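Engineer: What follows is final27.tsv; its format and atoms are TSV, C-alpha atoms.
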chain	number	residue	atom	x	y	z
A	1	MET	CA	-12.93	6.31	32.11
A	2	THR	CA	-12.83	4.86	28.59
A	3	ALA	CA	-9.42	3.62	27.46
A	4	THR	CA	-8.02	5.14	24.29
A	5	LYS	CA	-7.88	2.61	21.46
A	6	LYS	CA	-4.31	1.87	20.39
A	7	SER	CA	-3.54	2.77	16.80
A	8	SER	CA	-2.74	-0.25	14.63
A	9	VAL	CA	-0.82	1.72	12.02
A	10	LYS	CA	2.65	3.25	12.09
A	11	VAL	CA	2.99	6.87	11.00
A	12	THR	CA	6.59	7.73	10.18
A	13	THR	CA	8.92	9.74	8.04
A	14	THR	CA	10.44	8.02	5.01
A	15	LYS	CA	13.41	7.16	7.23
A	16	GLY	CA	11.20	5.27	9.66
A	17	VAL	CA	11.19	7.93	12.38
A	18	PRO	CA	7.80	8.25	14.14
A	19	ARG	CA	5.99	11.46	13.32
A	20	GLY	CA	2.65	13.05	14.08
A	21	PRO	CA	-0.23	13.68	11.70
A	22	ALA	CA	0.25	16.17	8.88
A	23	PRO	CA	-1.07	19.68	9.52
A	24	SER	CA	-4.65	20.38	8.49
A	25	ASP	CA	-3.71	23.05	5.98
A	26	GLY	CA	-6.45	22.44	3.42
A	27	ARG	CA	-4.31	20.48	0.97
A	28	ALA	CA	-5.65	17.27	-0.52
A	29	VAL	CA	-3.66	14.07	0.02
A	30	VAL	CA	-2.23	11.85	-2.72
A	31	TRP	CA	-1.64	8.32	-1.43
A	32	PHE	CA	0.67	5.92	-3.25
A	33	ASP	CA	0.75	2.22	-2.49
A	34	MET	CA	4.36	1.05	-2.63
A	35	ASP	CA	4.94	-2.54	-3.68
A	36	ASN	CA	4.20	-3.11	-7.38
A	37	VAL	CA	3.39	0.59	-7.79
A	38	LEU	CA	6.67	2.38	-7.08
A	39	TYR	CA	8.39	-0.37	-9.03
A	40	SER	CA	7.23	-2.71	-11.79
A	41	LYS	CA	5.79	-6.16	-11.15
A	42	GLU	CA	8.37	-7.31	-13.68
A	43	CYS	CA	10.96	-6.94	-10.91
A	44	GLY	CA	9.61	-10.22	-9.55
A	45	ILE	CA	9.36	-9.12	-5.92
A	46	ALA	CA	5.89	-10.66	-5.53
A	47	GLU	CA	7.17	-14.08	-6.59
A	48	LEU	CA	10.20	-13.84	-4.32
A	49	MET	CA	7.89	-12.89	-1.47
A	50	LYS	CA	5.59	-15.83	-2.17
A	51	VAL	CA	8.54	-18.21	-1.85
A	52	LYS	CA	9.58	-16.67	1.49
A	53	ILE	CA	6.04	-16.76	2.89
A	54	GLN	CA	5.37	-20.37	1.93
A	55	ALA	CA	8.73	-21.38	3.39
A	56	TYR	CA	7.65	-19.70	6.63
A	57	PHE	CA	4.41	-21.72	6.61
A	58	ARG	CA	6.40	-24.94	6.11
A	59	ARG	CA	8.65	-24.09	9.06
A	60	LEU	CA	5.49	-24.24	11.15
A	61	GLY	CA	5.21	-27.89	10.20
A	62	LEU	CA	2.65	-27.50	7.42
A	63	PRO	CA	2.97	-29.60	4.25
A	64	GLU	CA	3.56	-27.75	0.99
A	65	ASP	CA	0.01	-28.04	-0.36
A	66	GLU	CA	-1.46	-26.82	2.93
A	67	ALA	CA	1.06	-23.96	3.06
A	68	LYS	CA	-0.03	-22.78	-0.39
A	69	ARG	CA	-3.72	-23.11	0.47
A	70	LEU	CA	-3.45	-21.23	3.76
A	71	HIS	CA	-1.27	-18.52	2.21
A	72	HIS	CA	-3.99	-17.78	-0.33
A	73	HIS	CA	-6.79	-18.13	2.23
A	74	TYR	CA	-5.21	-15.80	4.77
A	75	TYR	CA	-4.32	-13.21	2.15
A	76	THR	CA	-7.85	-13.10	0.75
A	77	SER	CA	-9.50	-13.26	4.18
A	78	TYR	CA	-7.30	-10.87	6.15
A	79	GLY	CA	-5.50	-8.72	3.57
A	80	LEU	CA	-2.12	-10.13	4.64
A	81	ALA	CA	-0.91	-13.68	5.23
A	82	VAL	CA	0.80	-12.59	8.44
A	83	ARG	CA	-2.51	-11.58	10.00
A	84	GLY	CA	-3.88	-15.08	9.52
A	85	LEU	CA	-0.69	-16.52	10.99
A	86	VAL	CA	-0.98	-14.26	14.03
A	87	ARG	CA	-4.63	-15.13	14.52
A	88	HIS	CA	-4.47	-18.89	13.98
A	89	HIS	CA	-0.86	-19.94	14.65
A	90	ASP	CA	0.24	-17.50	17.37
A	91	ILE	CA	3.37	-16.42	15.51
A	92	ASP	CA	5.43	-13.30	16.23
A	93	PRO	CA	4.73	-10.90	13.33
A	94	LEU	CA	8.13	-9.26	13.77
A	95	ASP	CA	9.82	-12.65	13.33
A	96	TYR	CA	7.69	-13.16	10.22
A	97	ASP	CA	8.87	-9.79	8.90
A	98	ALA	CA	12.51	-10.72	9.56
A	99	GLN	CA	12.13	-14.05	7.74
A	100	CYS	CA	10.04	-12.75	4.83
A	101	ASP	CA	10.02	-9.04	3.91
A	102	ALA	CA	13.39	-8.21	5.47
A	103	ALA	CA	14.99	-11.26	3.83
A	104	LEU	CA	14.12	-10.17	0.30
A	105	PRO	CA	17.16	-9.25	-1.84
A	106	LEU	CA	15.67	-5.87	-2.75
A	107	ASP	CA	19.06	-4.25	-3.30
A	108	GLU	CA	19.72	-6.73	-6.12
A	109	VAL	CA	16.42	-6.06	-7.85
A	110	LEU	CA	15.10	-2.53	-7.30
A	111	LYS	CA	16.43	0.43	-9.26
A	112	PRO	CA	15.42	4.10	-9.50
A	113	ASN	CA	12.88	5.08	-12.14
A	114	PRO	CA	13.67	8.66	-13.24
A	115	ALA	CA	10.33	9.03	-15.06
A	116	LEU	CA	8.38	8.13	-11.92
A	117	LYS	CA	10.47	10.52	-9.86
A	118	ALA	CA	9.76	13.27	-12.38
A	119	LEU	CA	6.03	12.55	-12.08
A	120	LEU	CA	6.18	12.90	-8.30
A	121	GLN	CA	8.24	16.08	-8.57
A	122	ASP	CA	5.59	17.62	-10.82
A	123	ILE	CA	2.79	17.28	-8.26
A	124	ASP	CA	1.74	20.73	-7.06
A	125	ARG	CA	2.83	20.62	-3.41
A	126	SER	CA	1.10	23.90	-2.64
A	127	LYS	CA	-2.22	22.08	-3.08
A	128	TYR	CA	-1.38	18.40	-2.52
A	129	LYS	CA	0.46	16.39	0.13
A	130	VAL	CA	2.08	13.14	-1.03
A	131	TRP	CA	2.13	10.15	1.31
A	132	ALA	CA	2.86	6.42	1.02
A	133	LEU	CA	0.22	3.92	2.18
A	134	THR	CA	1.45	0.35	2.53
A	135	ASN	CA	0.46	-2.95	4.11
A	136	ALA	CA	4.11	-3.70	4.74
A	137	TYR	CA	5.99	-3.09	7.98
A	138	VAL	CA	7.84	0.21	8.19
A	139	ASN	CA	11.30	-1.35	7.73
A	140	HIS	CA	10.32	-2.67	4.31
A	141	ALA	CA	8.84	0.69	3.36
A	142	VAL	CA	12.07	2.48	4.24
A	143	ARG	CA	14.14	0.02	2.21
A	144	VAL	CA	11.95	0.32	-0.87
A	145	LEU	CA	11.82	4.12	-0.84
A	146	LYS	CA	15.59	4.34	-0.50
A	147	LEU	CA	16.34	1.83	-3.27
A	148	VAL	CA	13.96	3.41	-5.79
A	149	ASP	CA	15.28	6.87	-4.81
A	150	LEU	CA	11.90	8.32	-3.91
A	151	ALA	CA	12.23	8.94	-0.17
A	152	ASP	CA	12.52	12.70	-0.70
A	153	GLN	CA	9.21	12.79	-2.58
A	154	PHE	CA	6.97	11.67	0.30
A	155	GLU	CA	5.96	13.66	3.37
A	156	GLY	CA	5.22	10.54	5.39
A	157	VAL	CA	4.45	6.84	5.42
A	158	VAL	CA	1.48	5.00	6.89
A	159	SER	CA	2.31	1.31	7.34
A	160	CYS	CA	1.04	-1.69	9.29
A	161	ASP	CA	2.17	-1.89	12.91
A	162	TYR	CA	3.31	-5.50	13.10
A	163	GLY	CA	4.30	-4.91	16.72
A	164	ALA	CA	0.69	-4.19	17.70
A	165	GLY	CA	-0.35	-7.84	17.68
A	166	GLU	CA	-3.81	-7.48	16.14
A	167	PHE	CA	-3.39	-4.77	13.51
A	168	SER	CA	-5.46	-3.51	10.59
A	169	CYS	CA	-4.47	-3.23	6.94
A	170	LYS	CA	-5.92	-2.31	3.57
A	171	PRO	CA	-8.72	-2.79	2.56
A	172	GLU	CA	-10.22	-2.49	6.06
A	173	PRO	CA	-12.04	0.76	6.88
A	174	GLU	CA	-10.05	1.13	10.11
A	175	PHE	CA	-6.78	1.31	8.19
A	176	PHE	CA	-8.05	3.85	5.68
A	177	ASN	CA	-9.61	5.95	8.45
A	178	GLU	CA	-6.38	6.03	10.44
A	179	ALA	CA	-4.56	7.05	7.27
A	180	ILE	CA	-6.94	9.99	6.86
A	181	ILE	CA	-6.07	11.14	10.38
A	182	ALA	CA	-2.35	10.86	9.60
A	183	GLY	CA	-2.73	12.79	6.36
A	184	GLY	CA	-4.39	15.73	8.07
A	185	GLN	CA	-7.22	16.06	5.55
A	186	PRO	CA	-10.57	14.80	6.92
A	187	ASP	CA	-12.51	15.39	3.70
A	188	VAL	CA	-12.80	12.03	1.91
A	189	SER	CA	-13.45	13.81	-1.39
A	190	LYS	CA	-9.90	15.17	-1.19
A	191	GLN	CA	-8.23	11.75	-0.98
A	192	TYR	CA	-6.35	10.51	-4.07
A	193	PHE	CA	-5.23	6.88	-3.97
A	194	VAL	CA	-3.38	4.57	-6.36
A	195	ASP	CA	-2.91	0.85	-5.66
A	196	ASP	CA	-2.31	-2.32	-7.67
A	197	SER	CA	-4.99	-4.30	-5.79
A	198	ALA	CA	-8.62	-4.17	-6.91
A	199	LEU	CA	-9.63	-5.23	-3.40
A	200	ASN	CA	-7.94	-2.16	-1.93
A	201	ILE	CA	-9.48	0.15	-4.52
A	202	LYS	CA	-12.90	-1.27	-3.68
A	203	GLY	CA	-12.10	-0.49	-0.03
A	204	SER	CA	-11.30	3.16	-0.68
A	205	HIS	CA	-14.33	3.49	-2.95
A	206	ALA	CA	-16.62	2.08	-0.25
A	207	LEU	CA	-15.47	4.88	2.06
A	208	LYS	CA	-16.20	7.47	-0.65
A	209	TRP	CA	-12.59	8.44	-1.24
A	210	GLY	CA	-12.81	10.93	-4.08
A	211	HIS	CA	-10.21	9.65	-6.52
A	212	SER	CA	-9.05	6.02	-6.66
A	213	VAL	CA	-6.89	4.55	-9.42
A	214	LEU	CA	-6.14	0.88	-9.98
A	215	PHE	CA	-2.67	0.41	-11.43
A	216	ASP	CA	-3.31	-2.75	-13.46
A	217	GLU	CA	0.10	-3.25	-15.02
A	218	LEU	CA	-0.53	-6.79	-16.26
A	219	GLY	CA	-4.19	-6.30	-17.15
A	220	ASN	CA	-5.50	-8.98	-14.78
A	221	GLU	CA	-6.98	-6.91	-11.92
A	222	ALA	CA	-9.56	-4.57	-13.44
A	223	GLU	CA	-12.17	-7.31	-13.87
A	224	LYS	CA	-12.17	-7.68	-10.07
A	225	LEU	CA	-13.51	-4.14	-9.66
A	226	GLY	CA	-16.96	-5.32	-10.64
A	227	GLY	CA	-17.48	-2.38	-12.97
A	228	LEU	CA	-16.72	0.38	-10.46
A	229	GLU	CA	-14.53	2.12	-13.03
A	230	LYS	CA	-17.55	2.38	-15.36
A	231	MET	CA	-19.84	4.09	-12.87
A	232	GLU	CA	-20.38	7.78	-13.48
A	233	SER	CA	-20.05	9.88	-10.34
A	234	SER	CA	-18.85	13.41	-9.82
A	235	ASP	CA	-17.94	12.73	-6.19
A	236	VAL	CA	-16.34	9.26	-6.15
A	237	LYS	CA	-14.33	8.28	-9.21
A	238	VAL	CA	-12.47	5.03	-9.94
A	239	SER	CA	-10.08	4.79	-12.89
A	240	VAL	CA	-7.74	2.13	-14.27
A	241	VAL	CA	-4.27	2.68	-15.74
A	242	ARG	CA	-1.78	0.20	-17.19
A	243	ASP	CA	1.16	2.56	-16.70
A	244	VAL	CA	1.62	4.52	-13.47
A	245	LEU	CA	2.86	7.46	-15.53
A	246	ASP	CA	-0.67	7.74	-16.95
A	247	LEU	CA	-1.68	9.37	-13.66
A	248	ARG	CA	-0.70	12.58	-15.44
A	249	SER	CA	-3.76	12.24	-17.65
A	250	VAL	CA	-6.14	10.78	-15.04
A	251	TRP	CA	-5.30	13.31	-12.32
A	252	LYS	CA	-4.41	16.32	-14.46
A	253	GLU	CA	-5.43	18.74	-11.72
A	254	ILE	CA	-2.72	17.66	-9.27
A	255	PHE	CA	0.21	18.44	-11.55
A	256	ILE	CA	1.92	21.76	-12.16
A	257	SER	CA	1.07	23.04	-15.62
A	258	LYS	CA	4.08	23.32	-17.91
Mind converting the file's structure to structure tokens?
Structural biologist:
Amino acid sequence: MTATKKSSVKVTTTKGVPRGPAPSDGRAVVWFDMDNVLYSKECGIAELMKVKIQAYFRRLGLPEDEAKRLHHHYYTSYGLAVRGLVRHHDIDPLDYDAQCDAALPLDEVLKPNPALKALLQDIDRSKYKVWALTNAYVNHAVRVLKLVDLADQFEGVVSCDYGAGEFSCKPEPEFFNEAIIAGGQPDVSKQYFVDDSALNIKGSHALKWGHSVLFDELGNEAEKLGGLEKMESSDVKVSVVRDVLDLRSVWKEIFISK
């Protein structure tokens, strides 16, 4: 008898409660990355996180230069620094989460964005489900959604299962494929996805997700797409926006006409 492969993602409500896949009711799925998408990069969370992560590396006995090098290497090689730490330093990913993500002073930095909430409220829920898709652990996802006052706008959250030991994350096909199962819409052409990482957009494009948008707030990511946004295709489209509110013009079809 073949053993069932353990899922390496967490599927939860926006309060962190485990939930099953969404019903297969024909609706397309709109996936929002969370960090640096549901709030501006100007909040400085990425820089605060970098400090926490490199401090964690140094606690392992690594000198500062090596900590910086390995942080970059593991992020680019594995999608997340923690995955490199698990693989090569035998750390507990839940301890890493407690020392890094969970230690961020999010409540001092993150604030609601009424315009973004209005955008989410205007998505036609009779035709589209709205889910969050994050490489963070579920606890961080819950904190962010609460602080930016958007928890009530998402039907569910797909996050990395740090407790699984070896787990997948964006941009790996396994992670995207498990997200599709959670979203309850198997048709890749009916997947809408916005993320601030060109690497992740290239991952969704490689799997033929129908509608991928790079949120390039600072204008330094689009060049990493390698021209994907310039390719003409009726089935697989990649776009770039500098303001997340511009999704209204890129994905006109998902919003209720006013």
Engineer: In the coordinate frame of the file, compute which residues have an atom within 8 Å of (-12.3, 12.1, 3.2) when using all atoms listed in the file, and state them as an NGL selection string.
Structural biologist: :A and (180 or 185-191 or 207-210)
Engineer: Separation of CA of Ala141 (chain A) and CA of Val51 (chain A), in Å?
Structural biologist: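 Going from CA of Ala141 (chain A) over to CA of Val51 (chain A) covers 19.6 Å.
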Engineer: Identify, on the basis of all atoms listed in the file, every residue whose closest approach to Leu104 (chain A) does not exceed 10 Å; exclude the query and any residue fewer than 6 positions from it along the same chain; express the result as a list in words.
Structural biologist: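 Here the answer would be Ile45, Leu48, Met49, Lys52, Ala98 and His140 of chain A.
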Engineer: Identify, on the basis of only C-alpha atoms, every residue whose closest approach to Glu178 (chain A) does not exceed 9 Å; exclude the query and any residue fewer than 2 positions from it along the same chain; express the result as a PyMOL selection string.
Structural biologist: chain A and resi 7-9+158+173-176+180-183
Engineer: For CA of Lys170 (chain A) and CA of Glu47 (chain A), determine how far apart the two atoms are, in Å to one decimal place.
Structural biologist: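 Distance between the two atoms: 20.3 Å.
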Engineer: Which distance in Å separates CA of Lys41 (chain A) and CA of Leu245 (chain A), to one decimal?
Structural biologist: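 Distance between the two atoms: 14.6 Å.
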Engineer: Which is closer to Lys127 (chain A) than all the others in A:Asp243, A:Asp25, A:Glu108, A:Asp195, using only C-alpha atoms?
Structural biologist: A:Asp25
Engineer: For a quick check of understanding, using all atoms listed in the file, which of A:Leu120, A:Val241, A:Val236, A:Leu85 has the smallest distance to Tyr162 (chain A)?
Structural biologist: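 Closest candidate: A:Leu85.
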Engineer: Asn113 (chain A): which residues within 9 Å, counting all atoms listed in the file, same-chain residues fewer than 2 positions away excluded, as number ranges by chain?
Structural biologist: A: 38-39, 111, 115-118, 148-150
Engineer: So which one's closest to Met34 (chain A), A:Arg143, A:His89, A:Lys224, A:Arg83? Using only C-alpha atoms, please.
Structural biologist: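 So, comparing all the options, the nearest one is A:Arg143.
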Engineer: Could you name the residues that touch Lys202 (chain A) at 8 Å or less, counting only C-alpha atoms, but leaving out those on the same chain fewer than 4 positions away, as a list of chain:residue names?
Structural biologist: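 Answer for this query is A:Pro171, A:Ala198, A:Ala206, A:Leu225, A:Leu228.
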Engineer: What lies within 9 Å of Leu70 (chain A) using only C-alpha atoms, ignoring chain neighbours under 4 positions off, as a list in words?
Structural biologist: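 Counting only the stated atoms, we get Phe57, Asp65, Glu66, Tyr74, Tyr75, Ala81 and Gly84 of chain A.
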Engineer: Which is closer to Asn139 (chain A) than all the others in A:Ser77, A:Ser126, A:Ser159, A:Gln99, using all atoms listed in the file?
Structural biologist: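 Closest to Asn139 (chain A) of all the choices is A:Ser159.
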Engineer: Pick the closest to Asp90 (chain A) from A:Glu166, A:Trp31, A:Leu199, A:Leu218: which is it, counting all atoms listed in the file?
Structural biologist: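 Under the stated criterion, the closest residue is A:Glu166.
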Engineer: Need the axis-aligned box for region 131-135 of chain A with 5 Å each side, so what are the centre and edges in Å to one decimal, as AutoDock Vina command-line options?
Structural biologist:
--center_x 1.5 --center_y 3.6 --center_z 2.6 --size_x 12.6 --size_y 23.1 --size_z 13.1
Engineer: Restricting the calculation to only C-alpha atoms, which member of A:Ile123, A:Asn135, A:Val194, A:Phe32 is positioned closest to Lys252 (chain A)?
Structural biologist: A:Ile123
Engineer: List as number ranges by chain the residues having at least one atom at most 7 Å from position (13.2, -6.8, -11.8) as given in the file, counting all atoms listed in the file.
Structural biologist: A: 42-44, 109-110
